[in-house]
Structures are given as structure tokens and as C-alpha cells.
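J.: My structure is below; once you've seen it, I'll send some questions.
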Amino acid sequence: MQNLITIREISETQLRNYLSLSFQIKKNPEQFSQKLKGKNILLFFVENSTRTKLSFENAVKKLGGNIVSFAGGSSSMSKGESLLDTVQTIQQYGLDALVMRHSSSGTIDWLSKASQLPAINAGDGQHEHPTQALLDVFTLMEHWNISADQPNPLQGKKVMIVGDIFHSRVARSNIHALTKLGAEVTLVAPKTLLPSDLSLFPKVNVLHRWDTEEGKERLAEADAVMMLRLQLERQKSAFFPTAAEYRHFWGLTRERELLLKPSAVILHPGPVNHGVEMDTEVVSSKKSLILKQVENGVWARMAAFVGVLK
Amino acid sequence: MQNLITIREISETQLRNYLSLSFQIKKNPEQFSQKLKGKNILLFFVENSTRTKLSFENAVKKLGGNIVSFAGGSSSMSKGESLLDTVQTIQQYGLDALVMRHSSSGTIDWLSKASQLPAINAGDGQHEHPTQALLDVFTLMEHWNISADQPNPLQGKKVMIVGDIFHSRVARSNIHALTKLGAEVTLVAPKTLLPSDLSLFPKVNVLHRWDTEEGKERLAEADAVMMLRLQLERQKSAFFPTAAEYRHFWGLTRERELLLKPSAVILHPGPVNHGVEMDTEVVSSKKSLILKQVENGVWARMAAFVGVLK
Amino acid sequence: MQNLITIREISETQLRNYLSLSFQIKKNPEQFSQKLKGKNILLFFVENSTRTKLSFENAVKKLGGNIVSFAGGSSSMSKGESLLDTVQTIQQYGLDALVMRHSSSGTIDWLSKASQLPAINAGDGQHEHPTQALLDVFTLMEHWNISADQPNPLQGKKVMIVGDIFHSRVARSNIHALTKLGAEVTLVAPKTLLPSDLSLFPKVNVLHRWDTEEGKERLAEADAVMMLRLQLERQKSAFFPTAAEYRHFWGLTRERELLLKPSAVILHPGPVNHGVEMDTEVVSSKKSLILKQVENGVWARMAAFVGVLK
């Protein structure tokens, strides 16, 4: 039994295998259309999600599998049923793998072991979101026409990850994926939105604001800028002052976009807060790969299933 | 690309084409059973609905199409994702048309243009609900054995629309449909539940209450009475005093039903507030076409798809 | 038209017929795989449920039928649509049977008559939950290798039902099923969680607590112990003092499990409150048939459909 719970704990080779698979599947999806034939995949989303759930559903369908959908809120979960009891109940009707989103870090890992089901993490708390990192890195490599077959494929590439690093599982998974593949990563965030102990991370650069000379220079050098979604509800906890101020210091405004190299690209996991972390003109600019990310999510998730269930 | 957003903006000929199609489809549904083969139809219901959603689902199924269902509440919409971002995300997996219900008038029109998807309005705020008007008029013409092939098919028919005209998209779409087809329409409503400026409407008669000599005479002449659902929560805003008083002045009671011609028919878009706008005996009386409306909703919506996607 | 609304009102022969069918279906499910071909089964769950709904869904699928799913909360029910109007609306698209869960006792019986649809009760208030009793008794008979073909098949068997008898539809249906089949039933519950008038029940024994000499003797004689789920929210109403105290007096602790005969078995309808009505070690002990109950739920519900729609 295999899992995809974290990017941190898989080897560079395993990571490149998932990426190679993504390329193969996108090139020739027909070849994989029966890979999950007769398999039941539980999509267990205890936390809300539009994009990720839809993307996993499409991946299962394209592989010929059956979806068993289970949303925490509308069920006995509200009667206090334990997660394991729920999964074991559903297991009685036949299950081959578990895809889970949950607000607590580590839940998916524990549940996969307890239920003895292969599992794919669809986002657990502030921990990791490995398939998002797969699709992001896949999108970059495809755009740059870089193969996943050689070690260190992203060497020499400069990638900025901007925003609420502290609370972001997307950032954590991407930091691990990008550094494993050789990219140079710079985090851009106010101190309140950075982890206090960065030594737990791989080697990354840190920049506290964009409106300095250094900030502008780094922006001009970047090959890719990965924006994070700002959780506006965090403003209440005083992590940042106002949405307008956040935009001023850390938003990818139209002005900042113009500082980027012509060849630079922009990513965002969606949904975007227009006019906060990103101006609307930037969302739909030529540099934006956002809709490409959505499309590639399906291929990367198909690769995750094929890798985990092989 | 075609749309069905309003009845007001389509021509009489287009309206009769939708009705002709409804007759054809009901007569020979097998002939249309592959019309949406391989097409993905997004049912995007941001506002609650039982009847309308179920009816659209059945229409898509009978035409051989695939349903992609998306409910605002249980998804990232609660994270503030914009409507267009949502539709564009889903579009990445392939979409051929959009059916939408939303609480704001005009949203569907804007979204159809922005996403470049053919769209059918399943009710937008207080604006229009065109497929409800199609099915209502279709039900009347079928009952009266009137063909949609000749202009002015409802000439000479007297139809009353009764209740909360002001807030009703069902009323708006029906006023346009009925008058375009030549019927004589009388609105029955208290002043507080009528639009202040009726000049925006086609020519209609207005009656403020039923318990006058004029009210009784009109009732005796009507060929059809179209009751509207009372939104009981509006009582708080003092649009009307109490449910009992509403019934007394504007409800279709058993007593009033007896004043109707034997051949007159009664419609209601459902769900009925029993004992408020309509007595239970009237709901199930021989004059009531309510269950026929539900059945015809599927044929009329199939016609909407065939018309829009042809 | 037939129904399965209560165990109390069916004869011992009818009950054994449902059980015989369960054995036959489990032995040879293929033989029944087309029994609901072309039939539409409405699953109308106005009260939340994970296990029961999933089990019914699986039963319908294994019989080749179509599921029409309708959850009270997410629909027009919130606009005050009446249950009958809802069912009649859906009936317009074709319905062959109704499975319903509702918080009010008797609703399903009334709705089945009003809509003239064959109906299976999936739990109505504190009244009955007949398919749970079927699956529980089926699980016991299968474990004991007892056929359903002879009258009085459970004669000589001692079964304890433990916990909140007063509020439990599971207990009511099981008391009727077990006594009809000849078992000797003992209820174990505090006075506050027993009906005040036990004369409405078949002949049962009553024990108020387990920590007496009599309690221990009865425990040592039991062939099966059927634990009920404690509704923890009832504590507020002072039916019992605290969860810990409940466990002390009426919980199936590891210590009490050791007092049971080696051949005794333990049932629970799920989901278990671990550490309240049952210790976690007991849930997963060899005596526990809990996961077997989940599995058998599908066969018993298939038998319910076959029996009702034959």
C-alpha cells in the first residue's frame, strides 16, 4: 500500500515519477482510461472545497473509477460519529482508496493507517496539500518545456511564494516540491504571516515586503510568482491590518506585474480575492497560468491515483 | 450562441417556436432522446429550489445529456469565490450550457456573456423565470387544445394573475408571455404588492381586491386564474397584515372557486401555502392544473434546451 | 401495495419471510440483480443519516434500481413546502417506492397512504426502525446458524437490550422482532430511560442496573447483548447525570464484557459513543458483530425491497 500524504516525505525520484506520469497521462489519457475500473474511491471532504473536489472527481472519472462521495456536514458526522467509524462503515460496501480533506493536520495520515486504505491527501489543515504542489510544478515544467526525467530539473529557476505562508498548506507543499527539484525559492510575507522557526523548512530566501529596492530587484529576476489566497477572516486576528494595506505591501498589483520579466509566469491556487492579493487585470493577463493550473489539476491527480494504486 | 434569459426580450415568433417545440417533444420524446448526447450542462443553483432543479435535471436526462450540479451554499462560494471564477473553473472540465438560479436580477445575463456559454435562466431575483412562463402557457394551450403555429393564439382568453406581483419573477415572465400571445391579463393584488410604475409592463388590467362587485364579475369571466406563491416572510416588512387577512382579500378560497366558470382552470407554480393563497380543496379540485404544470415543466424545459442549443 | 412501516404490525410469518429472503439474497445476490430494473426509489431523508442512507443506496443499486435522493434541509422544505406536495411533485417524474426517515412518528405511514406509494420506514421518530431490527435479527440467526423457515426460531435465546429504551426506535423494533421469534428479552435501563407503561410492549424482563448480583447473573447468561446509542444531548434534559456515570452503571465496559459467556455476541446499531455506552476494546472485540451488522444491512434492506415490491 502506498500513500500520497506529504511532499516533504517523498524522495526527489518519487516526486519526479509523479510528474513524469502527469506528462504521460496528459499526452495519452486513453491509455489510462481503465486504470481504476471497478475501484471505489471515497472522496471524504470534511472541509468545504469546490475546485479540489471537482478536480478529483474528474480524475477518478477519467480513470474509469467509481466515486463514493461523503461530506462531513450533511451526515452523521454531526451526531459525533468518529472518522474511523465512518470510513469503516463505508468500507463494508467496498473501498479501494481514500481521498480526504480535513481541517486538522495529520488526520489523513492516521486515518489511512487505521483503515488500511491507500490515501491521497486533499489538504489537511495547515500541513500539506501535495496534489496542489504536483499540479503547480507540473504546470511550470510544462510551460518551460522541462522534462521530469533528469534530476534537479528546476535548477536555476527563481520562484517567489507570496502571502500567508504561515497558514498555507499550499505553500508548505510547494516549498518542498520546488526545492527538491532544484529551484531557488523566495518567500514574501510580513513577519506575522511567516512561521517563527524557518529552520523546519528547506533552505529558502525571505523578503518581508515588495516596496523596497531589494524587493523590486527580486521581482525583476523571478521566473515565476506563486500568489497565495488571503484568508480574509484572519484580519480579525490582527495578522494584517486591512485588505487595502495588504494589497499595498504584498499584493500583485498591475504596477508590480509590469516589473516582472516578459517571460515570467504567475500562479494562484484559486479562488482569487480580486483586488486584494491580485488585481483583476493580473488574473487575466498573459503571464497568468491560473486556468492552466485548473486544467492540469486533473492530469496531476490522475498521476497521483496511478502512482498510489499501482 | 443563443440564450433564454427573458420572455420580454424574445419575439412572439420565438416564443411560439419554444411552445411548438414543447408540443412536438411531448408527442414524441424518443425523437429528442439524443439531442444533448455528450453535452455537459451546468445546473448552478445559488438559491434553493426543489421543483425547478428536479425538472431541469429530468429534462437534461431525457435529452441524453450529462448534469454537472453546483449548489452555492455547500461549496467555495462560502469562501467568497466569484461566480465567474467558479464557472470558469468548472468550464475547464468541459461545459456546453449553463442553467442558473440566483437571487440577483441580471446575474445570469452577465455570467452568460462573461463565460460565453449559452444560458437558460432558472429564475433571477425579481426579474424573470422564463421557463415557468413557457410551461404555464404550454399547459393552458394544451388544455384548451390551441396550436402554437398561428400568431395571437390566446386572443380572447382572459387570465388573472393574483398575489404578490411586485416580488414575482413568475408573474413578470407570464405577463410578457400571455400578452405577446394575445391574452387579456388582469392583475389582482393590493397596492403594496404591485410595482409602483406599471407603465414598464405591457398593457394589463388591475384589480385591487376580489370582494367587490367588479371583482366577482371579473372572476366569473376568467378563463384561467394564475395564483402566485405568497412569501410569508414578507409579512414582517408590512407588505400585508396577516396570512388570514391575505386569504380573506386575495386568496382563492372554496367560495371564490365556485364563482368561476365551470370551464375555468387554476394554476400555481408551487409550492402552495395551503389555506393562505389557496384552500386545500381548491388545490385538488378538478379545475386545478397544478400537477399537470409539474409534468409539463419537463417538456417545456426540454424545448428550452433544444431551442437554445440548436 | 405493501409496506414495511412497523415490525409490531406484521405477523411472525411475514417477519420470517423477510429473514428467509435475506438469507437467499446473501447466498445468491446475482439472482436478484434485476429486481428493481427500471424502478425509481425515492430516498426521502428529512433527518440526518449516514449509515442507513448509504445502506439503502447500496441495496437499491444491487437490485438494479434508480435512486432519487431528496434531503429535507437543502431544498424547498425550508420554504415550507409540505411533505405530500414534495412527494407528489417528484411523483410526476415517476416513482415506484418511497423510503423515508423523519423525526415524527407516523409520518411515513400517513405519507405512504396519501401518495399511494409502497413505503419502507427508515426510522420515524421514536416509533420504529424495522429494517434495523431485520438486519440485527438476521445477523444473530446467521451467527447462530439458525434457519428462518421454522416458527419460533429464537426460542431459548436470551437477549439483553441496553440503554435509552424510551427514545429508541431501534429498541422498539427489536423488542417486537425478537419476541415474535421466541427470544427472551431483558431491557436494561434506568427508570428515566424506560417507557412509563411497559404494558404496551410484548412480555419483557426489566433490569435497572448491571452492578448488582442479579445484574451480573443475567449478564453471564445472555446469548446476545444489544447496546443502544446514547443521545448525549439528552443529558441536558436530566435523563441521566453524566456520560461517565452512564458508563459506570449501564455501559458495556471491558470488565463487563469479561463476565459474558465466551459464545455471547455484542451488537450496536452505530455510531458508537466510544467510552460511553461501550469501551473501545469492546467495540473491536471478537464478540462484537458491529461490522457484520453494517454488511448485513444491505442484504436485509434488499429483502425489504423484494418483499414490499413483489
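Ligands are numbered from 1 in the order shown, residues from 1 within each chain, and chains are lettered A, B, ... in the order they appear in the C-alpha cells.
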Can you check which parts of chain C lie within 12 Å of chain A? Per residue, the shortest pair of atoms and distance in Å to one decimal, counting only C-alpha atoms, sorted by chain and number, as CSV.
T.:
residue,atom,partner,partner_atom,distance
C:Phe45,CA,A:Ser75,CA,10.7
C:Val46,CA,A:Ser74,CA,11.3
C:Glu47,CA,A:Ser75,CA,9.3
C:Asn48,CA,A:Ser75,CA,5.6
C:Ser49,CA,A:Ser76,CA,5.3
C:Thr50,CA,A:Ser76,CA,5.1
C:Arg51,CA,A:Thr89,CA,7.0
C:Thr52,CA,A:Ser76,CA,9.9
C:Lys53,CA,A:Ser75,CA,9.5
C:Leu54,CA,A:Ile90,CA,7.8
C:Ser55,CA,A:Tyr93,CA,8.3
C:Phe56,CA,A:Tyr93,CA,11.4
C:Glu57,CA,A:Tyr93,CA,10.5
C:Asn58,CA,A:Tyr93,CA,7.5
C:Ala59,CA,A:Tyr93,CA,10.2
C:Lys61,CA,A:Tyr93,CA,11.3
C:Lys62,CA,A:Tyr93,CA,10.8
C:Ala71,CA,A:Ser74,CA,9.3
C:Gly72,CA,A:Ser74,CA,10.9
C:Gly73,CA,A:Ser74,CA,9.0
C:Ser74,CA,A:Ser74,CA,9.4
C:Arg229,CA,A:Lys79,CA,10.6
C:Leu230,CA,A:Lys79,CA,10.6
C:Gln231,CA,A:Lys79,CA,8.5
C:Leu232,CA,A:Lys79,CA,9.2
C:Glu233,CA,A:Lys79,CA,9.5
C:Pro269,CA,A:Thr89,CA,11.1
C:Gly270,CA,A:Glu81,CA,8.4
C:Pro271,CA,A:Glu81,CA,5.5
C:Val272,CA,A:Glu81,CA,7.2
C:Asn273,CA,A:Glu81,CA,7.5
C:His274,CA,A:Ser82,CA,8.8
C:Thr280,CA,A:Asp85,CA,11.2
C:Val283,CA,A:Asp85,CA,10.4
C:Ser284,CA,A:Asp85,CA,11.1
C:Ile290,CA,A:Thr89,CA,9.5
C:Leu291,CA,A:Thr89,CA,7.2
C:Lys292,CA,A:Gln92,CA,8.5
C:Gln293,CA,A:Gln92,CA,9.7
C:Val294,CA,A:Thr89,CA,6.5
C:Glu295,CA,A:Gln92,CA,5.6
C:Asn296,CA,A:Gln92,CA,9.4
C:Gly297,CA,A:Gln92,CA,10.0
C:Val298,CA,A:Tyr93,CA,8.6
C:Trp299,CA,A:Tyr93,CA,11.3
J.: Next, dump the selected residues to file, keeping only C-alpha atoms, as a tab-separated table (two decimals), in the first residue's frame.
T.:
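Okay, this is what ended up in result_20.tsv:
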chain	number	residue	atom	x	y	z
C	45	PHE	CA	-34.34	11.61	4.43
C	46	VAL	CA	-35.66	14.58	6.36
C	47	GLU	CA	-33.47	13.62	9.33
C	48	ASN	CA	-29.70	13.20	9.01
C	49	SER	CA	-28.27	9.73	8.46
C	50	THR	CA	-25.01	8.28	7.19
C	51	ARG	CA	-25.26	4.56	7.68
C	52	THR	CA	-28.88	3.95	6.94
C	53	LYS	CA	-28.95	6.07	3.79
C	54	LEU	CA	-25.76	4.55	2.42
C	55	SER	CA	-27.07	1.07	3.15
C	56	PHE	CA	-30.36	1.73	1.35
C	57	GLU	CA	-28.49	3.23	-1.59
C	58	ASN	CA	-26.36	0.11	-1.86
C	59	ALA	CA	-29.41	-2.11	-1.62
C	61	LYS	CA	-28.02	-0.41	-6.62
C	62	LYS	CA	-27.52	-4.13	-6.05
C	71	ALA	CA	-32.80	15.64	1.64
C	72	GLY	CA	-35.16	17.87	3.53
C	73	GLY	CA	-32.72	20.52	4.59
C	74	SER	CA	-31.17	21.54	1.28
C	229	ARG	CA	-26.61	4.58	21.12
C	230	LEU	CA	-26.80	7.17	23.87
C	231	GLN	CA	-28.03	10.54	22.62
C	232	LEU	CA	-25.62	12.66	24.61
C	233	GLU	CA	-27.69	15.77	24.03
C	269	PRO	CA	-26.59	-0.02	15.56
C	270	GLY	CA	-23.77	2.53	15.29
C	271	PRO	CA	-22.31	5.03	15.53
C	272	VAL	CA	-20.86	4.12	18.93
C	273	ASN	CA	-20.03	6.74	21.54
C	274	HIS	CA	-16.68	5.23	22.47
C	280	THR	CA	-13.31	0.89	22.54
C	283	VAL	CA	-16.23	-2.41	20.02
C	284	SER	CA	-13.37	-4.27	18.36
C	290	ILE	CA	-20.88	-4.50	14.63
C	291	LEU	CA	-19.16	-4.54	11.23
C	292	LYS	CA	-21.14	-7.68	10.33
C	293	GLN	CA	-24.32	-5.71	11.09
C	294	VAL	CA	-23.27	-2.99	8.63
C	295	GLU	CA	-22.63	-5.59	5.94
C	296	ASN	CA	-25.88	-7.45	6.62
C	297	GLY	CA	-27.83	-4.20	6.48
C	298	VAL	CA	-27.57	-4.29	2.71
C	299	TRP	CA	-28.92	-7.85	2.42
J.: What residues in region 128-299 of chain B get the DSSP label alpha helix (DSSP H)? Please answer as a ChimeraX atom specification.
T.: /B:130-143,169-180,213-221,243-250,254-259,280-283,290-299
J.: So how many Å separate CA of Met160 (chain A) and CA of Leu219 (chain A), to one decimal?
T.: 8.2 Å
J.: When you look at Val60 (chain A) with a cut-off of 10 Å (counting only C-alpha atoms), what residues show up, excluding the ones that are within fewer than 3 positions of it in the same chain? I need them as a list in words.
T.: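 So, after excluding close chain neighbours, the residues are Ser33, Lys35, Leu36, Lys37, Lys39, Asn40, Ile41, Leu43, Leu54, Ser55, Phe56, Glu57, Leu63, Gly64, Gly65, Asn66, Ile67, Val298, Arg301, Met302 and Phe305 of chain A.
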J.: Quick check for you: according to DSSP on this backbone, which residues of region 14-197 of chain B are classed as strand (DSSP E or B)? Reply as a ChimeraX atom specification.
T.: /B:40-45,66-71,97-102,119-124,128,158-162,184-188
J.: Take the residues just selected and output them with C-alpha atoms as a tab-separated table (two decimals), in the first residue's frame.
T.:
chain	number	residue	atom	x	y	z
B	40	ASN	CA	-22.34	18.83	-20.12
B	41	ILE	CA	-24.99	21.10	-18.65
B	42	LEU	CA	-24.11	23.06	-15.53
B	43	LEU	CA	-27.01	23.44	-13.12
B	44	PHE	CA	-25.84	26.35	-11.00
B	45	PHE	CA	-28.41	26.96	-8.27
B	66	ASN	CA	-24.81	15.00	-18.53
B	67	ILE	CA	-25.60	17.08	-15.46
B	68	VAL	CA	-22.90	18.99	-13.60
B	69	SER	CA	-24.54	20.17	-10.43
B	70	PHE	CA	-23.30	23.05	-8.37
B	71	ALA	CA	-25.01	24.47	-5.32
B	97	ALA	CA	-24.53	25.30	-21.37
B	98	LEU	CA	-25.42	26.99	-18.12
B	99	VAL	CA	-28.70	26.88	-16.22
B	100	MET	CA	-28.72	29.29	-13.33
B	101	ARG	CA	-30.85	30.43	-10.44
B	102	HIS	CA	-29.64	33.42	-8.49
B	119	ALA	CA	-27.62	30.05	-20.79
B	120	ILE	CA	-31.12	29.36	-19.54
B	121	ASN	CA	-32.44	31.49	-16.72
B	122	ALA	CA	-33.97	29.34	-13.96
B	123	GLY	CA	-35.09	32.41	-12.04
B	124	ASP	CA	-33.10	35.54	-11.28
B	128	GLU	CA	-37.82	36.74	-14.82
B	158	LYS	CA	-58.93	36.24	-20.02
B	159	VAL	CA	-56.23	35.36	-17.49
B	160	MET	CA	-55.96	36.67	-13.94
B	161	ILE	CA	-52.61	36.74	-12.14
B	162	VAL	CA	-53.17	37.02	-8.41
B	184	GLU	CA	-56.14	39.75	-21.82
B	185	VAL	CA	-54.36	39.88	-18.46
B	186	THR	CA	-55.75	41.20	-15.17
B	187	LEU	CA	-53.50	41.59	-12.15
B	188	VAL	CA	-55.17	41.16	-8.75
J.: CA of Lys191 (chain C) to CA of Asn205 (chain C): how many Å, to one decimal?
T.: 13.4 Å
J.: Within 12 Å of Trp210 (chain A), counting only C-alpha atoms, which residues show up once you throw out same-chain ones fewer than 4 positions away? Write them as a ChimeraX atom specification, please.
T.: /A:160,162-163,186-190,206,214-220,246-253,255-257,259
J.: Only C-alpha atoms, please: the residues just picked out, written as a PDB file, in the first residue's frame.
T.:
ATOM      1  CA  MET A 160       8.574  33.544  -5.309  1.00  0.00           C
ATOM      2  CA  VAL A 162       3.860  35.330  -1.726  1.00  0.00           C
ATOM      3  CA  GLY A 163       1.354  35.832   1.069  1.00  0.00           C
ATOM      4  CA  THR A 186      11.931  33.188  -2.017  1.00  0.00           C
ATOM      5  CA  LEU A 187       9.096  33.664   0.458  1.00  0.00           C
ATOM      6  CA  VAL A 188       7.481  37.109   0.508  1.00  0.00           C
ATOM      7  CA  ALA A 189       5.360  37.783   3.586  1.00  0.00           C
ATOM      8  CA  PRO A 190       5.017  40.008   6.616  1.00  0.00           C
ATOM      9  CA  VAL A 206      12.858  35.546   2.849  1.00  0.00           C
ATOM     10  CA  GLU A 214      15.649  44.750  -2.934  1.00  0.00           C
ATOM     11  CA  GLY A 215      12.039  43.770  -3.371  1.00  0.00           C
ATOM     12  CA  LYS A 216      11.885  45.304  -6.830  1.00  0.00           C
ATOM     13  CA  GLU A 217      15.137  43.665  -7.889  1.00  0.00           C
ATOM     14  CA  ARG A 218      13.988  40.257  -6.802  1.00  0.00           C
ATOM     15  CA  LEU A 219      10.688  40.746  -8.590  1.00  0.00           C
ATOM     16  CA  ALA A 220      12.557  41.590 -11.797  1.00  0.00           C
ATOM     17  CA  TYR A 246      -2.301  44.049   2.372  1.00  0.00           C
ATOM     18  CA  ARG A 247      -2.662  44.805  -1.338  1.00  0.00           C
ATOM     19  CA  HIS A 248      -0.341  47.791  -0.999  1.00  0.00           C
ATOM     20  CA  PHE A 249       2.524  45.824   0.564  1.00  0.00           C
ATOM     21  CA  TRP A 250       2.085  42.251  -0.690  1.00  0.00           C
ATOM     22  CA  GLY A 251      -0.487  42.268  -3.490  1.00  0.00           C
ATOM     23  CA  LEU A 252       0.469  41.541  -7.084  1.00  0.00           C
ATOM     24  CA  THR A 253      -0.805  44.813  -8.498  1.00  0.00           C
ATOM     25  CA  GLU A 255       2.256  48.025 -11.373  1.00  0.00           C
ATOM     26  CA  ARG A 256       4.241  45.148  -9.920  1.00  0.00           C
ATOM     27  CA  GLU A 257       3.288  42.851 -12.776  1.00  0.00           C
ATOM     28  CA  LEU A 259       8.235  44.936 -13.160  1.00  0.00           C
TER      29      LEU A 259
END
